[in-house]
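Note: the block below is structure-v6.cif and it holds mmCIF, N, CA and C atoms.
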data_data
loop_
_atom_site.label_atom_id
_atom_site.label_comp_id
_atom_site.auth_asym_id
_atom_site.auth_seq_id
_atom_site.Cartn_x
_atom_site.Cartn_y
_atom_site.Cartn_z
N MET Z 1 43.30 -166.43 24.38
CA MET Z 1 42.76 -167.70 24.79
C MET Z 1 43.11 -168.78 23.77
N ARG Z 2 43.12 -168.41 22.47
CA ARG Z 2 43.49 -169.37 21.45
C ARG Z 2 44.92 -169.84 21.65
N ASN Z 3 45.81 -168.90 22.02
CA ASN Z 3 47.21 -169.26 22.26
C ASN Z 3 47.32 -170.24 23.41
N LEU Z 4 46.55 -170.02 24.47
CA LEU Z 4 46.59 -170.92 25.63
C LEU Z 4 46.13 -172.31 25.22
N LEU Z 5 45.09 -172.40 24.39
CA LEU Z 5 44.60 -173.69 23.92
C LEU Z 5 45.66 -174.37 23.07
N ALA Z 6 46.32 -173.63 22.21
CA ALA Z 6 47.37 -174.20 21.36
C ALA Z 6 48.53 -174.69 22.20
N ILE Z 7 48.92 -173.92 23.19
CA ILE Z 7 50.02 -174.32 24.08
C ILE Z 7 49.63 -175.58 24.85
N THR Z 8 48.40 -175.62 25.33
CA THR Z 8 47.91 -176.78 26.07
C THR Z 8 47.96 -178.02 25.20
N LEU Z 9 47.47 -177.91 23.96
CA LEU Z 9 47.45 -179.04 23.06
C LEU Z 9 48.86 -179.51 22.73
N LEU Z 10 49.75 -178.59 22.39
CA LEU Z 10 51.13 -178.96 22.07
C LEU Z 10 51.83 -179.59 23.26
N THR Z 11 51.59 -179.05 24.44
CA THR Z 11 52.20 -179.59 25.64
C THR Z 11 51.70 -181.00 25.90
N ALA Z 12 50.40 -181.20 25.76
CA ALA Z 12 49.81 -182.52 25.99
C ALA Z 12 50.38 -183.55 25.01
N LEU Z 13 50.56 -183.15 23.76
CA LEU Z 13 51.11 -184.05 22.76
C LEU Z 13 52.57 -184.38 23.04
N SER Z 14 53.33 -183.41 23.49
CA SER Z 14 54.77 -183.62 23.68
C SER Z 14 55.10 -184.36 24.96
N VAL Z 15 54.22 -184.34 25.95
CA VAL Z 15 54.54 -185.00 27.22
C VAL Z 15 53.60 -186.17 27.50
N GLY Z 16 52.92 -186.66 26.49
CA GLY Z 16 51.94 -187.71 26.67
C GLY Z 16 52.44 -188.91 27.46
N GLY Z 17 53.68 -189.31 27.31
CA GLY Z 17 54.18 -190.50 27.98
C GLY Z 17 54.99 -190.24 29.23
N LEU Z 18 54.95 -189.04 29.78
CA LEU Z 18 55.80 -188.72 30.92
C LEU Z 18 55.21 -189.11 32.27
N GLY Z 19 53.95 -189.46 32.32
CA GLY Z 19 53.39 -189.94 33.57
C GLY Z 19 52.42 -188.98 34.22
N VAL Z 20 51.78 -189.46 35.28
CA VAL Z 20 50.73 -188.71 35.97
C VAL Z 20 51.27 -187.48 36.67
N GLY Z 21 52.43 -187.57 37.32
CA GLY Z 21 53.01 -186.43 38.04
C GLY Z 21 53.22 -185.24 37.14
N THR Z 22 53.67 -185.49 35.93
CA THR Z 22 53.90 -184.41 34.98
C THR Z 22 52.59 -183.76 34.57
N SER Z 23 51.55 -184.57 34.33
CA SER Z 23 50.28 -184.00 33.90
C SER Z 23 49.65 -183.17 35.01
N VAL Z 24 49.84 -183.55 36.27
CA VAL Z 24 49.32 -182.77 37.38
C VAL Z 24 50.04 -181.42 37.43
N ALA Z 25 51.37 -181.44 37.27
CA ALA Z 25 52.14 -180.20 37.28
C ALA Z 25 51.74 -179.31 36.11
N LEU Z 26 51.51 -179.91 34.95
CA LEU Z 26 51.10 -179.13 33.79
C LEU Z 26 49.71 -178.54 33.99
N SER Z 27 48.82 -179.29 34.60
CA SER Z 27 47.48 -178.78 34.87
C SER Z 27 47.55 -177.57 35.78
N GLN Z 28 48.39 -177.64 36.81
CA GLN Z 28 48.56 -176.51 37.73
C GLN Z 28 49.12 -175.31 36.98
N SER Z 29 50.05 -175.55 36.09
CA SER Z 29 50.64 -174.48 35.30
C SER Z 29 49.59 -173.83 34.40
N HIS Z 30 48.72 -174.63 33.81
CA HIS Z 30 47.66 -174.10 32.95
C HIS Z 30 46.67 -173.27 33.75
N ILE Z 31 46.37 -173.72 34.95
CA ILE Z 31 45.47 -172.97 35.83
C ILE Z 31 46.08 -171.61 36.14
N GLN Z 32 47.38 -171.60 36.45
CA GLN Z 32 48.06 -170.34 36.76
C GLN Z 32 48.08 -169.42 35.55
N LEU Z 33 48.29 -169.96 34.35
CA LEU Z 33 48.29 -169.14 33.14
C LEU Z 33 46.91 -168.53 32.90
N ALA Z 34 45.87 -169.33 33.06
CA ALA Z 34 44.52 -168.83 32.85
C ALA Z 34 44.18 -167.77 33.89
N GLN Z 35 44.58 -168.01 35.13
CA GLN Z 35 44.33 -167.05 36.21
C GLN Z 35 45.04 -165.73 35.92
N ALA Z 36 46.28 -165.79 35.49
CA ALA Z 36 47.04 -164.59 35.17
C ALA Z 36 46.36 -163.81 34.04
N GLY Z 37 45.82 -164.51 33.07
CA GLY Z 37 45.11 -163.84 31.98
C GLY Z 37 43.87 -163.11 32.46
N ARG Z 38 43.14 -163.74 33.36
CA ARG Z 38 41.94 -163.08 33.92
C ARG Z 38 42.35 -161.87 34.75
N TRP Z 39 43.40 -162.01 35.54
CA TRP Z 39 43.87 -160.89 36.37
C TRP Z 39 44.33 -159.74 35.48
N ARG Z 40 45.05 -160.07 34.41
CA ARG Z 40 45.57 -159.04 33.51
C ARG Z 40 44.44 -158.20 32.93
N SER Z 41 43.29 -158.84 32.72
CA SER Z 41 42.14 -158.10 32.17
C SER Z 41 41.59 -157.09 33.17
N LEU Z 42 41.86 -157.27 34.46
CA LEU Z 42 41.40 -156.33 35.49
C LEU Z 42 42.36 -155.16 35.69
N ALA Z 43 43.64 -155.37 35.40
CA ALA Z 43 44.66 -154.35 35.66
C ALA Z 43 44.44 -153.11 34.80
N LYS Z 44 44.62 -151.95 35.40
CA LYS Z 44 44.45 -150.67 34.70
C LYS Z 44 45.78 -150.10 34.22
N ILE Z 45 46.88 -150.60 34.77
CA ILE Z 45 48.21 -150.17 34.33
C ILE Z 45 48.95 -151.37 33.78
N SER Z 46 49.94 -151.12 32.95
CA SER Z 46 50.70 -152.20 32.35
C SER Z 46 51.86 -152.64 33.25
N GLU Z 47 52.43 -153.76 32.90
CA GLU Z 47 53.60 -154.26 33.60
C GLU Z 47 54.75 -153.26 33.49
N ALA Z 48 54.90 -152.66 32.31
CA ALA Z 48 55.96 -151.67 32.09
C ALA Z 48 55.78 -150.44 32.97
N GLN Z 49 54.53 -149.99 33.14
CA GLN Z 49 54.27 -148.84 34.01
C GLN Z 49 54.59 -149.18 35.47
N ALA Z 50 54.24 -150.39 35.89
CA ALA Z 50 54.55 -150.81 37.26
C ALA Z 50 56.06 -150.87 37.48
N ARG Z 51 56.78 -151.37 36.49
CA ARG Z 51 58.24 -151.45 36.56
C ARG Z 51 58.84 -150.05 36.72
N ARG Z 52 58.40 -149.11 35.88
CA ARG Z 52 58.94 -147.74 35.94
C ARG Z 52 58.63 -147.08 37.29
N THR Z 53 57.42 -147.28 37.78
CA THR Z 53 57.03 -146.71 39.08
C THR Z 53 57.92 -147.24 40.19
N ALA Z 54 58.14 -148.55 40.23
CA ALA Z 54 58.95 -149.16 41.27
C ALA Z 54 60.41 -148.72 41.17
N GLU Z 55 60.93 -148.68 39.96
CA GLU Z 55 62.32 -148.26 39.76
C GLU Z 55 62.51 -146.82 40.21
N SER Z 56 61.55 -145.96 39.93
CA SER Z 56 61.64 -144.56 40.36
C SER Z 56 61.57 -144.45 41.88
N ALA Z 57 60.71 -145.25 42.48
CA ALA Z 57 60.52 -145.18 43.94
C ALA Z 57 61.74 -145.67 44.70
N ILE Z 58 62.39 -146.72 44.20
CA ILE Z 58 63.50 -147.34 44.92
C ILE Z 58 64.85 -146.84 44.42
N GLY Z 59 64.91 -146.47 43.16
CA GLY Z 59 66.17 -145.99 42.60
C GLY Z 59 67.08 -147.12 42.16
N GLY Z 60 66.55 -148.04 41.39
CA GLY Z 60 67.33 -149.16 40.89
C GLY Z 60 66.67 -149.73 39.66
N THR Z 61 67.16 -150.89 39.23
CA THR Z 61 66.61 -151.56 38.06
C THR Z 61 65.84 -152.80 38.50
N ALA Z 62 64.64 -152.95 38.01
CA ALA Z 62 63.80 -154.09 38.37
C ALA Z 62 64.29 -155.35 37.67
N SER Z 63 64.31 -156.45 38.42
CA SER Z 63 64.71 -157.73 37.84
C SER Z 63 63.51 -158.60 37.49
N SER Z 64 62.35 -158.34 38.11
CA SER Z 64 61.15 -159.10 37.77
C SER Z 64 59.90 -158.31 38.14
N VAL Z 65 58.83 -158.59 37.39
CA VAL Z 65 57.53 -157.98 37.65
C VAL Z 65 56.49 -159.09 37.55
N THR Z 66 55.67 -159.23 38.60
CA THR Z 66 54.68 -160.29 38.64
C THR Z 66 53.34 -159.74 39.08
N LEU Z 67 52.29 -160.09 38.39
CA LEU Z 67 50.94 -159.73 38.80
C LEU Z 67 50.53 -160.70 39.90
N ALA Z 68 50.00 -160.18 41.01
CA ALA Z 68 49.73 -161.03 42.16
C ALA Z 68 48.47 -160.61 42.91
N ASN Z 69 48.01 -161.51 43.74
CA ASN Z 69 46.88 -161.26 44.63
C ASN Z 69 47.45 -161.03 46.03
N ARG Z 70 47.29 -159.84 46.54
CA ARG Z 70 47.72 -159.52 47.91
C ARG Z 70 46.50 -159.14 48.71
N ASN Z 71 46.10 -160.00 49.63
CA ASN Z 71 44.96 -159.74 50.51
C ASN Z 71 43.69 -159.42 49.71
N GLY Z 72 43.51 -160.15 48.60
CA GLY Z 72 42.32 -159.96 47.78
C GLY Z 72 42.41 -158.84 46.77
N GLY Z 73 43.54 -158.13 46.75
CA GLY Z 73 43.72 -157.02 45.84
C GLY Z 73 44.72 -157.34 44.74
N LEU Z 74 44.53 -156.75 43.59
CA LEU Z 74 45.40 -156.98 42.45
C LEU Z 74 46.57 -156.00 42.47
N VAL Z 75 47.78 -156.53 42.53
CA VAL Z 75 48.98 -155.71 42.60
C VAL Z 75 50.06 -156.28 41.68
N TYR Z 76 51.05 -155.45 41.40
CA TYR Z 76 52.27 -155.92 40.76
C TYR Z 76 53.33 -156.02 41.85
N GLU Z 77 54.01 -157.14 41.91
CA GLU Z 77 55.16 -157.30 42.79
C GLU Z 77 56.39 -157.09 41.92
N VAL Z 78 57.14 -156.04 42.21
CA VAL Z 78 58.30 -155.68 41.41
C VAL Z 78 59.54 -155.85 42.28
N LEU Z 79 60.49 -156.66 41.83
CA LEU Z 79 61.72 -156.88 42.58
C LEU Z 79 62.79 -155.93 42.07
N VAL Z 80 63.25 -155.05 42.96
CA VAL Z 80 64.31 -154.09 42.65
C VAL Z 80 65.41 -154.33 43.68
N GLY Z 81 66.49 -154.98 43.25
CA GLY Z 81 67.54 -155.34 44.21
C GLY Z 81 66.98 -156.30 45.24
N ASP Z 82 67.15 -155.97 46.53
CA ASP Z 82 66.63 -156.78 47.62
C ASP Z 82 65.27 -156.29 48.12
N THR Z 83 64.63 -155.44 47.34
CA THR Z 83 63.36 -154.86 47.77
C THR Z 83 62.24 -155.29 46.85
N ARG Z 84 61.16 -155.77 47.45
CA ARG Z 84 59.95 -156.09 46.72
C ARG Z 84 59.02 -154.89 46.85
N VAL Z 85 58.70 -154.27 45.73
CA VAL Z 85 57.84 -153.10 45.72
C VAL Z 85 56.45 -153.55 45.27
N ILE Z 86 55.44 -153.20 46.06
CA ILE Z 86 54.06 -153.58 45.75
C ILE Z 86 53.38 -152.37 45.14
N VAL Z 87 53.01 -152.50 43.84
CA VAL Z 87 52.41 -151.41 43.08
C VAL Z 87 50.95 -151.75 42.79
N ASP Z 88 50.05 -150.82 43.10
CA ASP Z 88 48.63 -150.99 42.86
C ASP Z 88 48.39 -151.14 41.36
N ALA Z 89 47.75 -152.24 40.95
CA ALA Z 89 47.50 -152.49 39.53
C ALA Z 89 46.36 -151.63 38.98
N GLY Z 90 45.70 -150.89 39.86
CA GLY Z 90 44.60 -150.04 39.43
C GLY Z 90 45.02 -148.61 39.17
N ASN Z 91 45.80 -148.04 40.09
CA ASN Z 91 46.14 -146.62 39.95
C ASN Z 91 47.65 -146.36 39.82
N GLY Z 92 48.46 -147.40 39.93
CA GLY Z 92 49.90 -147.26 39.74
C GLY Z 92 50.65 -146.71 40.93
N PHE Z 93 49.99 -146.54 42.07
CA PHE Z 93 50.67 -146.04 43.27
C PHE Z 93 51.44 -147.15 43.95
N VAL Z 94 52.57 -146.80 44.56
CA VAL Z 94 53.31 -147.76 45.39
C VAL Z 94 52.54 -147.88 46.69
N LEU Z 95 52.12 -149.11 47.01
CA LEU Z 95 51.39 -149.34 48.25
C LEU Z 95 52.35 -149.49 49.43
N TYR Z 96 53.42 -150.25 49.22
CA TYR Z 96 54.46 -150.43 50.23
C TYR Z 96 55.61 -151.20 49.62
N SER Z 97 56.68 -151.33 50.35
CA SER Z 97 57.82 -152.13 49.91
C SER Z 97 58.31 -152.94 51.09
N GLU Z 98 59.02 -154.03 50.78
CA GLU Z 98 59.53 -154.89 51.84
C GLU Z 98 60.88 -155.46 51.43
N ASN Z 99 61.74 -155.66 52.41
CA ASN Z 99 63.05 -156.23 52.17
C ASN Z 99 62.90 -157.73 52.05
N THR Z 100 63.38 -158.30 50.94
CA THR Z 100 63.24 -159.73 50.70
C THR Z 100 64.18 -160.57 51.56
N ASN Z 101 65.17 -159.95 52.17
CA ASN Z 101 66.12 -160.69 53.00
C ASN Z 101 65.60 -160.97 54.41
N LEU Z 102 64.58 -160.22 54.83
CA LEU Z 102 64.04 -160.43 56.17
C LEU Z 102 63.14 -161.65 56.19
N GLU Z 103 63.25 -162.42 57.25
CA GLU Z 103 62.38 -163.58 57.42
C GLU Z 103 60.96 -163.12 57.66
N ARG Z 104 59.98 -163.90 57.22
CA ARG Z 104 58.57 -163.56 57.43
C ARG Z 104 58.28 -163.43 58.92
N GLU Z 105 58.94 -164.23 59.76
CA GLU Z 105 58.73 -164.16 61.20
C GLU Z 105 59.13 -162.79 61.76
N ASN Z 106 60.13 -162.17 61.18
CA ASN Z 106 60.56 -160.84 61.62
C ASN Z 106 59.57 -159.76 61.22
N ASN Z 107 58.70 -160.07 60.26
CA ASN Z 107 57.73 -159.11 59.78
C ASN Z 107 56.34 -159.41 60.33
N ALA Z 108 56.25 -159.99 61.51
CA ALA Z 108 54.96 -160.39 62.07
C ALA Z 108 54.00 -159.21 62.16
N ASN Z 109 54.50 -158.03 62.42
CA ASN Z 109 53.64 -156.85 62.53
C ASN Z 109 53.27 -156.27 61.18
N ASP Z 110 53.88 -156.80 60.11
CA ASP Z 110 53.63 -156.29 58.77
C ASP Z 110 52.71 -157.20 57.97
N GLU Z 111 51.76 -157.86 58.64
CA GLU Z 111 50.85 -158.75 57.95
C GLU Z 111 50.09 -157.98 56.88
N ASP Z 112 49.74 -158.69 55.81
CA ASP Z 112 49.03 -158.05 54.70
C ASP Z 112 47.74 -157.37 55.14
N SER Z 113 47.08 -157.91 56.15
CA SER Z 113 45.80 -157.33 56.58
C SER Z 113 45.95 -155.92 57.13
N PHE Z 114 47.17 -155.54 57.54
CA PHE Z 114 47.41 -154.21 58.09
C PHE Z 114 47.98 -153.25 57.05
N ARG Z 115 48.21 -153.72 55.86
CA ARG Z 115 48.83 -152.91 54.83
C ARG Z 115 47.78 -152.28 53.92
N PRO Z 116 48.18 -151.22 53.20
CA PRO Z 116 47.24 -150.61 52.24
C PRO Z 116 46.79 -151.64 51.22
N ARG Z 117 45.55 -151.56 50.80
CA ARG Z 117 44.99 -152.51 49.83
C ARG Z 117 44.93 -151.87 48.45
N SER Z 118 44.94 -152.73 47.46
CA SER Z 118 44.84 -152.29 46.08
C SER Z 118 43.48 -151.68 45.80
N SER Z 119 43.43 -150.80 44.82
CA SER Z 119 42.17 -150.19 44.42
C SER Z 119 41.32 -151.17 43.61
N ILE Z 120 41.92 -152.30 43.20
CA ILE Z 120 41.18 -153.33 42.45
C ILE Z 120 41.12 -154.59 43.31
N GLN Z 121 39.91 -154.97 43.70
CA GLN Z 121 39.72 -156.21 44.45
C GLN Z 121 39.37 -157.31 43.46
N ILE Z 122 39.97 -158.48 43.63
CA ILE Z 122 39.77 -159.59 42.71
C ILE Z 122 38.48 -160.31 43.08
N PRO Z 123 37.53 -160.38 42.14
CA PRO Z 123 36.28 -161.10 42.41
C PRO Z 123 36.56 -162.59 42.63
N ASP Z 124 35.72 -163.23 43.43
CA ASP Z 124 35.89 -164.66 43.69
C ASP Z 124 35.86 -165.47 42.40
N SER Z 125 35.13 -165.04 41.42
CA SER Z 125 35.03 -165.78 40.15
C SER Z 125 36.35 -165.78 39.38
N TYR Z 126 37.29 -164.92 39.75
CA TYR Z 126 38.59 -164.85 39.07
C TYR Z 126 39.64 -165.70 39.75
N GLU Z 127 39.31 -166.30 40.87
CA GLU Z 127 40.26 -167.15 41.61
C GLU Z 127 40.41 -168.49 40.98
#
Translate the structure described by the file into structure tokens.
Amino acid sequence: MRNLLAITLLTALSVGGLGVGTSVALSQSHIQLAQAGRWRSLAKISEAQARRTAESAIGGTASSVTLANRNGGLVYEVLVGDTRVIVDAGNGFVLYSENTNLERENNANDEDSFRPRSSIQIPDSYE
């Protein structure tokens, strides 16, 4: 939390004269950083464990790992090639995977509400 405060202060000092649009964007960025920190405190597995799980499941090298809220559940979204692997942040199981090249309209039957949910549900106070 101290690091976030220091980053906030340094950012505010360095962009003081850039205008209102910049400060709004920075505020949104700070909210996202704080939210990610709260989410990270709920996760039972690390980002590295989620990466290894996804790489083993798909058979490739992960290019990114992001902690995310999927249908109220805490998951890691791991990008391996053209596949987004959704890993439960609580128990490390792969919940499902999806091809990133398909349009969302083509996945109408794959709505999040019909997919397996994470073992960790994000409390409203963490939103």
As a check of understanding, name the residues that the PyMOL selection byres ((chain Z and resi 60-76) around 6.5) selects in the supplied structure, as number ranges by chain. Z: 51, 54-59, 77-81, 85-90, 112-113, 117-122
Would you work out the distance separating atom N of Z:Ile45 from atom C of Z:Asn99, expressed in Å to one decimal? 24.6 Å
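For the pair atom N of Z:Leu42 and atom CA of Z:Leu95, the interatomic distance is 18.5 Å.
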Just the number, please: distance in Å from atom C of Z:Thr100 to atom CA of Z:Asp82, one decimal.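 Those two atoms sit 6.0 Å apart.
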What would stretch 60-81 of chain Z look like with N, CA, C and O atoms restored, written as a compact mmCIF listing (two decimals), in the frame of the given file?
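Writing done, so here's out_22.txt:
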# COMPACT_ATOMS: atom_id res chain seq x y z
N GLY Z 60 66.55 -148.04 41.39
CA GLY Z 60 67.33 -149.16 40.89
C GLY Z 60 66.67 -149.73 39.66
O GLY Z 60 65.73 -149.15 39.11
N THR Z 61 67.16 -150.89 39.23
CA THR Z 61 66.61 -151.56 38.06
C THR Z 61 65.84 -152.80 38.50
O THR Z 61 66.37 -153.62 39.25
N ALA Z 62 64.64 -152.95 38.01
CA ALA Z 62 63.80 -154.09 38.37
C ALA Z 62 64.29 -155.35 37.67
O ALA Z 62 64.65 -155.32 36.50
N SER Z 63 64.31 -156.45 38.42
CA SER Z 63 64.71 -157.73 37.84
C SER Z 63 63.51 -158.60 37.49
O SER Z 63 63.63 -159.52 36.68
N SER Z 64 62.35 -158.34 38.11
CA SER Z 64 61.15 -159.10 37.77
C SER Z 64 59.90 -158.31 38.14
O SER Z 64 59.92 -157.48 39.04
N VAL Z 65 58.83 -158.59 37.39
CA VAL Z 65 57.53 -157.98 37.65
C VAL Z 65 56.49 -159.09 37.55
O VAL Z 65 56.45 -159.81 36.56
N THR Z 66 55.67 -159.23 38.60
CA THR Z 66 54.68 -160.29 38.64
C THR Z 66 53.34 -159.74 39.08
O THR Z 66 53.28 -158.99 40.06
N LEU Z 67 52.29 -160.09 38.39
CA LEU Z 67 50.94 -159.73 38.80
C LEU Z 67 50.53 -160.70 39.90
O LEU Z 67 50.70 -161.91 39.76
N ALA Z 68 50.00 -160.18 41.01
CA ALA Z 68 49.73 -161.03 42.16
C ALA Z 68 48.47 -160.61 42.91
O ALA Z 68 47.98 -159.48 42.75
N ASN Z 69 48.01 -161.51 43.74
CA ASN Z 69 46.88 -161.26 44.63
C ASN Z 69 47.45 -161.03 46.03
O ASN Z 69 48.04 -161.92 46.61
N ARG Z 70 47.29 -159.84 46.54
CA ARG Z 70 47.72 -159.52 47.91
C ARG Z 70 46.50 -159.14 48.71
O ARG Z 70 45.89 -158.11 48.47
N ASN Z 71 46.10 -160.00 49.63
CA ASN Z 71 44.96 -159.74 50.51
C ASN Z 71 43.69 -159.42 49.71
O ASN Z 71 42.93 -158.53 50.06
N GLY Z 72 43.51 -160.15 48.60
CA GLY Z 72 42.32 -159.96 47.78
C GLY Z 72 42.41 -158.84 46.77
O GLY Z 72 41.49 -158.61 46.01
N GLY Z 73 43.54 -158.13 46.75
CA GLY Z 73 43.72 -157.02 45.84
C GLY Z 73 44.72 -157.34 44.74
O GLY Z 73 45.66 -158.09 44.95
N LEU Z 74 44.53 -156.75 43.59
CA LEU Z 74 45.40 -156.98 42.45
C LEU Z 74 46.57 -156.00 42.47
O LEU Z 74 46.36 -154.77 42.48
N VAL Z 75 47.78 -156.53 42.53
CA VAL Z 75 48.98 -155.71 42.60
C VAL Z 75 50.06 -156.28 41.68
O VAL Z 75 49.98 -157.43 41.25
N TYR Z 76 51.05 -155.45 41.40
CA TYR Z 76 52.27 -155.92 40.76
C TYR Z 76 53.33 -156.02 41.85
O TYR Z 76 53.50 -155.08 42.64
N GLU Z 77 54.01 -157.14 41.91
CA GLU Z 77 55.16 -157.30 42.79
C GLU Z 77 56.39 -157.09 41.92
O GLU Z 77 56.63 -157.85 41.00
N VAL Z 78 57.14 -156.04 42.21
CA VAL Z 78 58.30 -155.68 41.41
C VAL Z 78 59.54 -155.85 42.28
O VAL Z 78 59.63 -155.25 43.35
N LEU Z 79 60.49 -156.66 41.83
CA LEU Z 79 61.72 -156.88 42.58
C LEU Z 79 62.79 -155.93 42.07
O LEU Z 79 63.17 -155.97 40.90
N VAL Z 80 63.25 -155.05 42.96
CA VAL Z 80 64.31 -154.09 42.65
C VAL Z 80 65.41 -154.33 43.68
O VAL Z 80 65.26 -153.97 44.84
N GLY Z 81 66.49 -154.98 43.25
CA GLY Z 81 67.54 -155.34 44.21
C GLY Z 81 66.98 -156.30 45.24
O GLY Z 81 66.38 -157.32 44.90
